[in-house]
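Chemist: My questions will all concern the structure given below.
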Amino acid sequence: MADIILIRHASGAPGLRLFGLGPNLLPRKGLSQLRDLLDKHTFWAQKRSYKELRQALAGSTIVISLWKHNKIIGFGRATSDGIFRAVLWDIVVSEDSQGQGLGSKVVKALLSSSQIKNVERIYLMTTKSSNFYEQLGFEKCISQSLLKKK
Ligand SMILES: CC(C)(COP(=O)(O)OP(=O)(O)OC[C@H]1O[C@@H](n2cnc3c(N)ncnc32)[C@H](O)[C@@H]1OP(=O)(O)O)[C@@H](O)C(=O)NCCC(=O)NCCS
């Protein structure tokens, strides 16, 4: 774990988004690496174009990335109005690095960020990982329904 670097990006992640910056603000083809990470280790965020990824990053209040030997191995982002609501998105750890506490590290870094730590409600949507989030202080909403636009 000592060789893992966690980056708390500035809002909108301009360095990662525009220059592909990684640890120590060095260019590491970060956007291309992020695209590979999402393609290989998620089922909902595959085949996103660079343009789409840039837009998603630009619109994110908080962006966290995890690096090992200049390789991006974890990621997570959140959007928020800074006071009432926040939503976590695209939490992922590469398969060969899972089970070592890194996913928890990403979620904790998002939750402890100054932009959302005092927000009234923090939500996320998950298909297969409820147990993972329950360990981190989330609970299932039984009084509310999740609706999506048809
Ligand atoms: C979900 C994910 C981010 C977890 O990352 P991770 O680094 O493996 O998680 P951690 O090592 O911090 O796990 C913390 C705990 O949650 C448990 N856990 C991890 N993934 C889990 C899952 N999918 N379901 C249930 N429990 C899970 C671990 O066993 C661990 O428990 P322990 O402390 O008792 O050993 C990772 O498995 C992943 O990227 N999966 C593919 C993408 C994905 O589905 N992301 C979630 C989108 S909502």
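In the structure tokens, the first chain shown is A, the next is B, and so on; residue numbers restart at 1 for each chain, and ligands run from 1 in the order shown.
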Hey, could you make a per-residue contact list for chain A against ligand 1 with 10 Å as the cut-off, showing the nearest pair of atoms and its distance in Å to one decimal, counting only C-alpha atoms and all ligand atoms, sorted by chain and number, as a Markdown table?

Modeler:
| residue | atom | partner | partner_atom_place_in_ligand_line | distance |
| --- | --- | --- | --- | --- |
| A:Leu37 | CA | ligand 1 | 39 (O) | 9.4 |
| A:Leu38 | CA | ligand 1 | 42 (C) | 8.3 |
| A:Lys40 | CA | ligand 1 | 41 (C) | 9.1 |
| A:His41 | CA | ligand 1 | 41 (C) | 5.3 |
| A:Thr42 | CA | ligand 1 | 42 (C) | 4.7 |
| A:Phe43 | CA | ligand 1 | 42 (C) | 7.4 |
| A:Trp44 | CA | ligand 1 | 47 (C) | 8.5 |
| A:Ala45 | CA | ligand 1 | 42 (C) | 9.5 |
| A:Ile73 | CA | ligand 1 | 39 (O) | 9.3 |
| A:Gly74 | CA | ligand 1 | 39 (O) | 7.5 |
| A:Phe75 | CA | ligand 1 | 39 (O) | 8.5 |
| A:Gly76 | CA | ligand 1 | 3 (C) | 8.7 |
| A:Leu88 | CA | ligand 1 | 48 (S) | 8.6 |
| A:Trp89 | CA | ligand 1 | 48 (S) | 7.3 |
| A:Asp90 | CA | ligand 1 | 47 (C) | 6.0 |
| A:Ile91 | CA | ligand 1 | 45 (N) | 5.0 |
| A:Val92 | CA | ligand 1 | 39 (O) | 3.4 |
| A:Val93 | CA | ligand 1 | 39 (O) | 3.8 |
| A:Ser94 | CA | ligand 1 | 39 (O) | 6.0 |
| A:Glu95 | CA | ligand 1 | 39 (O) | 6.8 |
| A:Asp96 | CA | ligand 1 | 8 (O) | 9.1 |
| A:Ser97 | CA | ligand 1 | 7 (O) | 6.5 |
| A:Gln98 | CA | ligand 1 | 8 (O) | 3.4 |
| A:Gly99 | CA | ligand 1 | 11 (O) | 3.4 |
| A:Gln100 | CA | ligand 1 | 11 (O) | 4.1 |
| A:Gly101 | CA | ligand 1 | 12 (O) | 3.2 |
| A:Leu102 | CA | ligand 1 | 7 (O) | 4.0 |
| A:Gly103 | CA | ligand 1 | 7 (O) | 3.5 |
| A:Ser104 | CA | ligand 1 | 12 (O) | 3.7 |
| A:Lys105 | CA | ligand 1 | 12 (O) | 6.4 |
| A:Val106 | CA | ligand 1 | 12 (O) | 8.2 |
| A:Val107 | CA | ligand 1 | 3 (C) | 8.5 |
| A:Lys108 | CA | ligand 1 | 12 (O) | 9.7 |
| A:Leu124 | CA | ligand 1 | 48 (S) | 7.3 |
| A:Met125 | CA | ligand 1 | 48 (S) | 6.0 |
| A:Thr126 | CA | ligand 1 | 48 (S) | 3.9 |
| A:Thr127 | CA | ligand 1 | 48 (S) | 6.3 |
| A:Lys128 | CA | ligand 1 | 23 (N) | 5.8 |
| A:Ser129 | CA | ligand 1 | 23 (N) | 3.9 |
| A:Ser130 | CA | ligand 1 | 24 (N) | 6.2 |
| A:Asn131 | CA | ligand 1 | 25 (C) | 4.2 |
| A:Phe132 | CA | ligand 1 | 26 (N) | 3.9 |
| A:Tyr133 | CA | ligand 1 | 16 (O) | 7.3 |
| A:Glu134 | CA | ligand 1 | 16 (O) | 8.5 |
| A:Gln135 | CA | ligand 1 | 16 (O) | 6.6 |
| A:Leu136 | CA | ligand 1 | 14 (C) | 8.2 |

Chemist: What does the distance between atom CA of Lys140 of chain A and atom CA of Ile116 of chain A come to in Å, to one decimal place?

Modeler: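 Between these atoms lies a distance of 19.9 Å.
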
Chemist: Please compute the atom CA of Thr61 of chain A-atom CA of Asn118 of chain A distance, one decimal, in Å.

Modeler: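 Separation between atom CA of Thr61 of chain A and atom CA of Asn118 of chain A: 14.0 Å.
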
Chemist: Find the residue from A:Lys47, A:Lys29, A:Arg77, A:Lys71 that sits nearest to Ala10 of chain A; use only C-alpha atoms when measuring.

Modeler: A:Arg77

Chemist: Show which residues sit within 7 Å of Arg121 of chain A, as a list of chain:residue names. Count only C-alpha atoms, and ignore same-chain residues fewer than 3 positions away.

Modeler: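 Here the qualifying residues turn out to be A:Phe84, A:Arg85, A:Ala86.
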
Chemist: Dump N, CA and C atoms for the selected residues as a JSON list (two decimals), in the first residue's frame?

Modeler:
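The new file out.json reads:
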[["chain", "number", "residue", "atom", "x", "y", "z"],
["A", 84, "PHE", "N", -27.09, 20.40, -0.15],
["A", 84, "PHE", "CA", -28.22, 19.48, 0.08],
["A", 84, "PHE", "C", -27.97, 18.06, -0.44],
["A", 85, "ARG", "N", -27.44, 17.95, -1.63],
["A", 85, "ARG", "CA", -27.36, 16.63, -2.27],
["A", 85, "ARG", "C", -26.01, 16.37, -2.92],
["A", 86, "ALA", "N", -25.59, 15.11, -2.86],
["A", 86, "ALA", "CA", -24.40, 14.68, -3.60],
["A", 86, "ALA", "C", -24.65, 13.26, -4.09]]

Chemist: Can you pull out every residue within 12 Å of Val119 of chain A, counting only C-alpha atoms, but drop anything in the same chain fewer than 5 positions away, and send it as a list in words?

Modeler: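 Near Val119 of chain A, the qualifying residues are Ala78, Thr79, Ser80, Asp81, Gly82, Ile83, Phe84, Arg85, Ala86, Val87, Leu110, Leu111, Ser112, Ser113 and Ser114 of chain A.
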
Chemist: Give me a file of those residues, with C-alpha atoms, as a tab-separated table (two decimals), in the first residue's frame.

Modeler:
chain	number	residue	atom	x	y	z
A	78	ALA	CA	-19.02	12.77	-7.18
A	79	THR	CA	-21.35	15.58	-8.17
A	80	SER	CA	-22.92	17.91	-5.65
A	81	ASP	CA	-24.62	21.24	-5.02
A	82	GLY	CA	-22.36	21.49	-1.97
A	83	ILE	CA	-25.17	21.73	0.58
A	84	PHE	CA	-28.22	19.48	0.08
A	85	ARG	CA	-27.36	16.63	-2.27
A	86	ALA	CA	-24.40	14.68	-3.60
A	87	VAL	CA	-24.13	11.53	-5.72
A	110	LEU	CA	-14.81	11.28	-1.72
A	111	LEU	CA	-16.88	11.41	1.48
A	112	SER	CA	-14.25	13.34	3.43
A	113	SER	CA	-13.73	15.98	0.76
A	114	SER	CA	-14.59	19.50	1.87

Chemist: Which of these, A:Ser11, A:Leu31, A:Phe138, A:Ala109, has the shortest distance to Ile122 of chain A once you count only C-alpha atoms?

Modeler: A:Phe138

Chemist: Taking the backbone alone, and naming residues the way the document does, which bits of segment 5-135 of chain A are alpha helix (DSSP H) by DSSP, as a VMD selection string?

Modeler: chain A and resid 14 to 19 30 to 41 50 to 58 102 to 111 130 to 134

Chemist: For those residues, write C-alpha atoms to a file as a PDB file, in the first residue's frame.

Modeler:
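Output contents, as saved in again_3.pdb:
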ATOM      1  CA  PRO A  14      -8.461  19.961 -15.299  1.00  0.00           C
ATOM      2  CA  GLY A  15      -4.975  18.407 -15.135  1.00  0.00           C
ATOM      3  CA  LEU A  16      -6.233  14.885 -15.767  1.00  0.00           C
ATOM      4  CA  ARG A  17      -8.883  16.016 -18.225  1.00  0.00           C
ATOM      5  CA  LEU A  18      -6.796  18.323 -20.405  1.00  0.00           C
ATOM      6  CA  PHE A  19      -3.221  17.051 -20.002  1.00  0.00           C
ATOM      7  CA  GLY A  30      -4.259   9.733 -17.666  1.00  0.00           C
ATOM      8  CA  LEU A  31      -7.392  10.100 -19.749  1.00  0.00           C
ATOM      9  CA  SER A  32      -6.475   7.147 -21.927  1.00  0.00           C
ATOM     10  CA  GLN A  33      -5.617   5.110 -18.813  1.00  0.00           C
ATOM     11  CA  LEU A  34      -8.934   6.090 -17.230  1.00  0.00           C
ATOM     12  CA  ARG A  35     -10.765   4.981 -20.334  1.00  0.00           C
ATOM     13  CA  ASP A  36      -9.000   1.580 -20.216  1.00  0.00           C
ATOM     14  CA  LEU A  37      -9.773   1.200 -16.498  1.00  0.00           C
ATOM     15  CA  LEU A  38     -13.480   1.858 -17.083  1.00  0.00           C
ATOM     16  CA  ASP A  39     -13.562  -0.352 -20.182  1.00  0.00           C
ATOM     17  CA  LYS A  40     -11.941  -3.303 -18.458  1.00  0.00           C
ATOM     18  CA  HIS A  41     -13.366  -3.169 -14.948  1.00  0.00           C
ATOM     19  CA  TYR A  50     -12.530  10.933 -24.775  1.00  0.00           C
ATOM     20  CA  LYS A  51     -14.925  13.795 -25.429  1.00  0.00           C
ATOM     21  CA  GLU A  52     -17.565  12.221 -23.176  1.00  0.00           C
ATOM     22  CA  LEU A  53     -15.050  11.463 -20.437  1.00  0.00           C
ATOM     23  CA  ARG A  54     -13.751  15.028 -20.537  1.00  0.00           C
ATOM     24  CA  GLN A  55     -17.298  16.328 -20.196  1.00  0.00           C
ATOM     25  CA  ALA A  56     -18.027  13.984 -17.264  1.00  0.00           C
ATOM     26  CA  LEU A  57     -14.835  15.076 -15.489  1.00  0.00           C
ATOM     27  CA  ALA A  58     -15.512  18.756 -16.158  1.00  0.00           C
ATOM     28  CA  LEU A 102      -8.486   0.474  -2.129  1.00  0.00           C
ATOM     29  CA  GLY A 103     -12.153   0.799  -3.102  1.00  0.00           C
ATOM     30  CA  SER A 104     -12.871   1.843   0.490  1.00  0.00           C
ATOM     31  CA  LYS A 105     -10.029   4.357   0.264  1.00  0.00           C
ATOM     32  CA  VAL A 106     -11.584   5.960  -2.835  1.00  0.00           C
ATOM     33  CA  VAL A 107     -15.053   6.173  -1.253  1.00  0.00           C
ATOM     34  CA  LYS A 108     -13.672   7.563   2.035  1.00  0.00           C
ATOM     35  CA  ALA A 109     -11.661  10.177   0.129  1.00  0.00           C
ATOM     36  CA  LEU A 110     -14.806  11.276  -1.717  1.00  0.00           C
ATOM     37  CA  LEU A 111     -16.884  11.408   1.477  1.00  0.00           C
ATOM     38  CA  SER A 130     -24.533  -2.985  -1.975  1.00  0.00           C
ATOM     39  CA  ASN A 131     -22.582  -4.914   0.659  1.00  0.00           C
ATOM     40  CA  PHE A 132     -19.429  -3.015  -0.171  1.00  0.00           C
ATOM     41  CA  TYR A 133     -21.204   0.330   0.393  1.00  0.00           C
ATOM     42  CA  GLU A 134     -23.077  -0.851   3.478  1.00  0.00           C
TER      43      GLU A 134
END

Chemist: Restricting the calculation to only C-alpha atoms: of A:Lys68, A:Pro23, A:Glu139, A:Gln115, which residue gets closest to Met1 of chain A?

Modeler: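 Among the listed residues, A:Lys68 lies closest to Met1 of chain A.
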
Chemist: Can you list, as a PyMOL selection string, every residue of chain A that DSSP puts in strand (DSSP E)?

Modeler: chain A and resi 4-9+62-68+71-80+85-93+121-124
